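This report concerns only the one structure given below.
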Amino acid sequence: MSSVLLEVKNISKIFRYGLFGFEFKAVDNVSLTLEDKPFIFTVAGESGSGKTTLARIILGVHTPEYGEILYRGRNIHRLKGEDLIWFRKEVQAVFQDPYASFNPLKKVYDYLYETAKNVAKISENEIEANIEEVLKRVGLSLEKVKGRYPSEFSGGELQRVSVARALITRPRLIIADEPVSMLDASLRVTIVNLFKEFKDDLKISFMYITHDLSTAYYISDYIAIMYRGWIVEQGPVEKVFTEPLHPYTQTLLLSAPMPDPKWREKWLKAIKLTTSIEEKEFLAKGCKYASRCPNAMKKCFEQTPLEFIVNGVKVKCWLYEK
Amino acid sequence: MIKEEMVNRVALAVSDTVLNVANLTGGYSIIINSNFAYVDAVNDVNFYAKNDEVLGIAGESGCGKSTLLKILYGYTKPPLIVKKGNVILKINEQTIDILTLKDRTSIWWRYISYIPQNSMNVLNPIQRIREHFIETIRTHIDVDIDEAYKMAREYVESVGLSKEILNAYPHQLSGGMRQRVVITLALMLKPRVVLADEPTTAVDVVVQRGVLQMLLDKQRELRNTLILVTHDMGVQAMVTNRILIMYAGKGVELGATNDIFEDPLHPYTKALIESLPRIGDKTLRRGLAGQPPDLINPPPGCRFHPRCSYAMDICRREEPPIIKIGKERFVSCWLYVKR
Ligand SMILES: Nc1ncnc2c1ncn2[C@@H]1O[C@H](COP(=O)(O)OP(=O)(O)OP(=O)(O)O)[C@@H](O)[C@H]1O
Ligand SMILES: Nc1ncnc2c1ncn2[C@@H]1O[C@H](COP(=O)(O)OP(=O)(O)OP(=O)(O)O)[C@@H](O)[C@H]1O
Ligand SMILES: [Mg+2]
Ligand SMILES: [Mg+2]
């Protein structure tokens, strides 16, 4: 039995919605497990379904109202002192907007230096060599970075600096929240190839959050699909992409634009989008997808679906009740 | 001088051209370390857009796509300056040059409209959606508020949105819904040319498909021209008829979407198409090697030469001309110059 790296157990996070002030669960009873082996776990799904919130909970930025997160068996929201420093070294983050992750008034090198000194606790005389090494890993150099401000880098370069920064602490897990969505196709591949390389060479696991299903398929081992705070389906990427079970996953995959004009006819077949204010759906009874689901049954409007396991894939949908 | 060049360029264009862009050169005049510098973001760009088509513009991050669109719209204010060129728009058999036009607001919304990048954040947060519509209608059509509101309601329903959204504030709508509102606004006065800059980044693909379908439906209904900037090559493949590929401020290739994907000519386009992963295919892809060029100091000759595996001597010295290859297919690369 292999041990477990990260265990997310029945997590819920409650937010208050804007002016209306009503409460809703941005992350609603979510569970997932990352085994202790180099692994790329993708989280995809609806905009606003709670992916970033989930990432922040795992990083310890948000505290969940319900559930717990165990990293190597220890509840991360209870860590203190030395243990907290250890956790921050082990789990690193890369975010969507590279320009927003860096303070524009601070030189990029200083940012790397601080991570090396304060988080990785590398001794003064080894810092520069360490930074040089991680920069080389992402195809940059010390000369290229030293003395320069974030605005003097392109988006792709800066994103590679973010990845380099995450590597300084020699983490076991990197949470990457839409790390490539601002980048063009060619840079996207460059960055996700780095993830693959780090998984193989440095034995780092990734939680890769993205809307880009092509790169998700390309690099990941496992995928979870979120909808309105729920994980509606999760399983090995090959299975989920070839035989999506949940009706939302099916729509999602059909909607992915393909870089090949031959797919156009198929893609253009109309789908119906909701036309009203969507927030009400967060509060609906039963399955949150029922009002849009072509296969909805009476039960779907009344009872929250349970999770069923079909051929190694977990799916939260009444269609699969035996 | 410019006139003569124009004749040349117009000859490139076909008869149902609605927008003709010739020798367009512009960029940002900025100050770095108390020295003046110029970011050469759009350099001698030439292309045309036809009636009833979707023209895509694609290229690397930072290659000048948004800058080009701003200039086409005539939205040029410092530090953005236009150095030369023409943007000829055909309106009912008349032609005007947007860049020499005194009052550009007279053509905005009605004849040409613009959906800027990050459009989900352009709505005024303290105004209801209703006010955005009423204001737009009333600056162009002489009606009272009630009449404008009535028009807005009918129009919003005609594009498949619920009237409810008119009473919402922007923050009460999801990102995808806000994008649809901005698009709806931009299309309301039935413009002949619609410029859309990355209208669907940062939303999930289901919402993205809905937003794009709405844009396409409207384009078909109005038989107008949609110019769609996006670096998402999947979106380019799904919705455009032709594509202009940009690299470092230059238009490097123009052709039918099928041709661009199936038989890319320019080495940059080739690298771009080869880098695209596809669902169902896990074989290794490679991004383009090397660094994107610095547009303050662009490489001499062909701007792509430092990253081009086919680069020859002449590529390092001289800018390549635009070569016509077959019907409506253009490429700017020395490899295609017969000598
Ligand atoms: N701090 C907060 N306070 C209140 N509501 C919040 C907060 N952060 C996020 N939300 C809401 O929680 C929901 C989930 O947001 P989240 O950012 O996690 O979604 P996401 O899946 O990352 O979306 P996207 O794909 O657009 O990045 C959204 O409705 C969002 O508006
Ligand atoms: N206001 C500005 N001042 C100075 N330089 C600018 C300004 N806006 C853009 N630039 C520079 O001009 C060049 C072209 O930028 P532009 O925004 O047109 O690129 P883009 O192709 O739209 O990129 P993306 O795909 O990232 O949106 C870039 O080098 C950019 O850094
Ligand atoms: Mg997010
Ligand atoms: Mg842009």
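Lettering and numbering for the structure tokens are positional, with chains as A, B, ... in the shown order, residues counted from 1 in each chain, and ligands counted from 1 in the shown order.
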
I need the residues of stretch 95-160 of chain B that end up classed as helix (DSSP H, G or I) by DSSP on the backbone, written out as a ChimeraX atom specification. /B:104-106,119-121,129-140,145-158

Expected answer as a ChimeraX atom specification: chain A residues within 7 Å of chain B, only C-alpha atoms: /A:45-47,181,183-187,189-190,211,214-215,217-218,252,255-261,264,273,275-277

So that I can check the surroundings of B:Thr136, please list as an NGL selection string every protein, DNA and RNA residue that reaches within 12 Å of it, counting only C-alpha atoms and ignoring chain neighbours fewer than 4 positions away. :B and (105 or 108-110 or 113 or 129-132 or 140-143 or 145 or 148-149 or 151-152 or 182 or 184-189)

Could you save the residues just selected, with N, CA, C and O atoms, as a CSV table (one decimal), in the first residue's frame?
chain,number,residue,atom,x,y,z
B,105,THR,N,-15.8,59.4,-33.1
B,105,THR,CA,-16.9,58.9,-32.4
B,105,THR,C,-18.2,58.8,-33.3
B,105,THR,O,-19.1,58.0,-33.0
B,108,TRP,N,-18.0,55.2,-34.4
B,108,TRP,CA,-17.9,54.2,-33.4
B,108,TRP,C,-19.3,53.7,-33.0
B,108,TRP,O,-20.3,54.4,-33.1
B,109,TRP,N,-19.5,52.4,-32.7
B,109,TRP,CA,-20.7,51.7,-32.3
B,109,TRP,C,-21.6,51.5,-33.6
B,109,TRP,O,-22.1,50.4,-33.8
B,110,ARG,N,-21.8,52.5,-34.4
B,110,ARG,CA,-22.7,52.4,-35.5
B,110,ARG,C,-22.1,51.7,-36.7
B,110,ARG,O,-22.7,50.8,-37.3
B,113,SER,N,-17.3,48.7,-34.1
B,113,SER,CA,-17.4,48.7,-32.7
B,113,SER,C,-16.3,47.7,-32.2
B,113,SER,O,-15.7,47.0,-32.9
B,129,ILE,N,-27.0,47.5,-15.6
B,129,ILE,CA,-26.8,47.2,-17.0
B,129,ILE,C,-27.8,48.0,-17.9
B,129,ILE,O,-27.4,48.5,-18.9
B,130,ARG,N,-29.0,48.3,-17.4
B,130,ARG,CA,-30.0,49.1,-18.0
B,130,ARG,C,-29.4,50.4,-18.5
B,130,ARG,O,-29.5,50.8,-19.7
B,131,GLU,N,-28.7,51.1,-17.6
B,131,GLU,CA,-28.2,52.4,-17.9
B,131,GLU,C,-27.1,52.4,-19.0
B,131,GLU,O,-27.0,53.3,-19.8
B,132,HIS,N,-26.3,51.3,-19.0
B,132,HIS,CA,-25.3,51.1,-20.1
B,132,HIS,C,-26.0,51.1,-21.5
B,132,HIS,O,-25.6,51.7,-22.4
B,140,HIS,N,-26.7,57.8,-29.9
B,140,HIS,CA,-26.7,57.6,-31.4
B,140,HIS,C,-28.1,57.7,-32.0
B,140,HIS,O,-28.2,58.0,-33.2
B,141,ILE,N,-29.1,57.5,-31.2
B,141,ILE,CA,-30.4,57.6,-31.8
B,141,ILE,C,-31.2,58.6,-30.9
B,141,ILE,O,-31.2,58.6,-29.7
B,142,ASP,N,-32.0,59.5,-31.6
B,142,ASP,CA,-32.7,60.5,-30.9
B,142,ASP,C,-34.0,60.0,-30.3
B,142,ASP,O,-35.1,60.1,-30.9
B,143,VAL,N,-34.0,59.4,-29.1
B,143,VAL,CA,-35.2,58.9,-28.5
B,143,VAL,C,-35.2,59.2,-27.0
B,143,VAL,O,-34.1,59.5,-26.5
B,145,ILE,N,-35.8,58.4,-22.8
B,145,ILE,CA,-35.3,57.3,-22.0
B,145,ILE,C,-36.3,56.1,-22.0
B,145,ILE,O,-35.8,55.0,-22.2
B,148,ALA,N,-35.9,54.3,-25.2
B,148,ALA,CA,-34.6,53.6,-25.3
B,148,ALA,C,-34.6,52.4,-24.4
B,148,ALA,O,-34.1,51.3,-24.8
B,149,TYR,N,-35.3,52.5,-23.3
B,149,TYR,CA,-35.4,51.3,-22.4
B,149,TYR,C,-36.2,50.2,-23.0
B,149,TYR,O,-35.8,49.0,-23.0
B,151,MET,N,-36.5,49.7,-26.2
B,151,MET,CA,-35.6,49.1,-27.3
B,151,MET,C,-34.6,48.2,-26.7
B,151,MET,O,-34.4,47.1,-27.2
B,152,ALA,N,-34.0,48.6,-25.6
B,152,ALA,CA,-33.0,47.7,-24.9
B,152,ALA,C,-33.6,46.4,-24.5
B,152,ALA,O,-33.1,45.3,-24.7
B,182,VAL,N,-21.4,42.8,-22.6
B,182,VAL,CA,-20.5,43.8,-23.4
B,182,VAL,C,-20.6,43.5,-24.9
B,182,VAL,O,-20.7,44.4,-25.7
B,184,THR,N,-23.2,42.1,-26.4
B,184,THR,CA,-24.5,42.6,-26.8
B,184,THR,C,-24.5,44.1,-27.1
B,184,THR,O,-25.1,44.6,-28.1
B,185,LEU,N,-23.9,44.8,-26.2
B,185,LEU,CA,-23.8,46.3,-26.3
B,185,LEU,C,-23.1,46.7,-27.6
B,185,LEU,O,-23.6,47.5,-28.4
B,186,ALA,N,-22.0,46.0,-27.9
B,186,ALA,CA,-21.2,46.3,-29.0
B,186,ALA,C,-21.9,46.0,-30.3
B,186,ALA,O,-21.6,46.7,-31.4
B,187,LEU,N,-22.9,45.1,-30.3
B,187,LEU,CA,-23.5,44.7,-31.5
B,187,LEU,C,-24.9,45.4,-31.8
B,187,LEU,O,-25.5,45.3,-32.8
B,188,MET,N,-25.3,46.2,-30.8
B,188,MET,CA,-26.7,46.7,-30.7
B,188,MET,C,-27.0,47.5,-31.9
B,188,MET,O,-28.0,47.5,-32.5
B,189,LEU,N,-26.0,48.4,-32.3
B,189,LEU,CA,-26.3,49.3,-33.4
B,189,LEU,C,-25.9,48.8,-34.8
B,189,LEU,O,-25.7,49.5,-35.7

Distance limit 8 Å, reference ligand 4, atoms considered: only C-alpha atoms and all ligand atoms. Which residues make the cut? Give them as a list in words.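 Sorted by chain and then by number, the residues are Ser61, Gly62, Gly64, Lys65, Ser66, Thr67, Gln117, Asp197, Glu198, Val229 and Thr230 of chain B.
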
Which of these, A:Phe206, A:Tyr66, A:Phe102, A:Phe95, has the shortest distance to ligand 3 once you count only C-alpha atoms and all ligand atoms?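 Closest candidate: A:Phe95.
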
Sorted by chain and rising residue number, list the residues of chain A at most 9 Å from ligand 2 (counting only C-alpha atoms and all ligand atoms), each with its closest atom pair and distance in Å to one decimal, as a Markdown table.
| residue | atom | partner | partner_atom_place_in_ligand_line | distance |
| --- | --- | --- | --- | --- |
| A:Ser151 | CA | ligand 2 | 31 (O) | 8.3 |
| A:Glu152 | CA | ligand 2 | 31 (O) | 8.5 |
| A:Phe153 | CA | ligand 2 | 31 (O) | 8.7 |
| A:Ser154 | CA | ligand 2 | 31 (O) | 7.2 |
| A:Gly155 | CA | ligand 2 | 26 (O) | 7.2 |
| A:Met182 | CA | ligand 2 | 26 (O) | 6.9 |
| A:Leu183 | CA | ligand 2 | 26 (O) | 7.0 |
| A:Asp184 | CA | ligand 2 | 25 (O) | 6.8 |

Writer output for current selection, C-alpha atoms, as a compact mmCIF listing (two decimals), in the first residue's frame:
# COMPACT_ATOMS: atom_id res chain seq x y z
CA SER A 151 7.59 45.01 -16.05
CA GLU A 152 10.78 44.28 -17.95
CA PHE A 153 9.80 40.66 -18.51
CA SER A 154 7.32 39.17 -20.92
CA GLY A 155 4.39 37.27 -19.47
CA MET A 182 -2.45 34.17 -20.04
CA LEU A 183 0.10 32.57 -22.34
CA ASP A 184 0.04 31.74 -26.02

Using only C-alpha atoms and all ligand atoms, what table do you get, as a tab-separated table, when you list each residue of chain A with an atom no more than 10 Å from ligand 1, its nearest pair of atoms, and their distance in Å rounded to one decimal, rows by chain then rising number?
residue	atom	partner	partner_atom_place_in_ligand_line	distance
A:Lys13	CA	ligand 1	12 (O)	8.8
A:Ile14	CA	ligand 1	5 (N)	8.2
A:Phe15	CA	ligand 1	4 (C)	4.7
A:Arg16	CA	ligand 1	4 (C)	5.5
A:Tyr17	CA	ligand 1	5 (N)	5.8
A:Gly18	CA	ligand 1	4 (C)	7.0
A:Gly21	CA	ligand 1	4 (C)	9.8
A:Glu23	CA	ligand 1	4 (C)	9.2
A:Phe24	CA	ligand 1	12 (O)	8.3
A:Lys25	CA	ligand 1	12 (O)	7.7
A:Ala26	CA	ligand 1	12 (O)	4.6
A:Val27	CA	ligand 1	14 (C)	7.2
A:Val43	CA	ligand 1	21 (O)	9.1
A:Ala44	CA	ligand 1	21 (O)	8.0
A:Gly45	CA	ligand 1	21 (O)	7.0
A:Glu46	CA	ligand 1	25 (O)	6.0
A:Ser47	CA	ligand 1	25 (O)	3.4
A:Gly48	CA	ligand 1	19 (O)	3.3
A:Ser49	CA	ligand 1	21 (O)	3.9
A:Gly50	CA	ligand 1	18 (O)	3.2
A:Lys51	CA	ligand 1	21 (O)	3.7
A:Thr52	CA	ligand 1	22 (O)	3.6
A:Thr53	CA	ligand 1	18 (O)	3.7
A:Leu54	CA	ligand 1	18 (O)	6.4
A:Ala55	CA	ligand 1	18 (O)	7.9
A:Arg56	CA	ligand 1	18 (O)	8.3
A:Ile57	CA	ligand 1	18 (O)	9.8
A:His62	CA	ligand 1	1 (N)	8.9
A:Gln96	CA	ligand 1	27 (O)	9.0
A:Asp177	CA	ligand 1	22 (O)	8.0
A:Glu178	CA	ligand 1	27 (O)	7.7
A:Ile209	CA	ligand 1	22 (O)	8.3
A:Thr210	CA	ligand 1	25 (O)	7.6
A:His211	CA	ligand 1	25 (O)	7.0
A:Met226	CA	ligand 1	21 (O)	7.5
A:Tyr227	CA	ligand 1	21 (O)	8.2
A:Arg228	CA	ligand 1	14 (C)	7.7
A:Gly229	CA	ligand 1	14 (C)	7.1
A:Glu278	CA	ligand 1	29 (O)	9.8
A:Glu279	CA	ligand 1	29 (O)	7.9
A:Phe282	CA	ligand 1	29 (O)	8.9
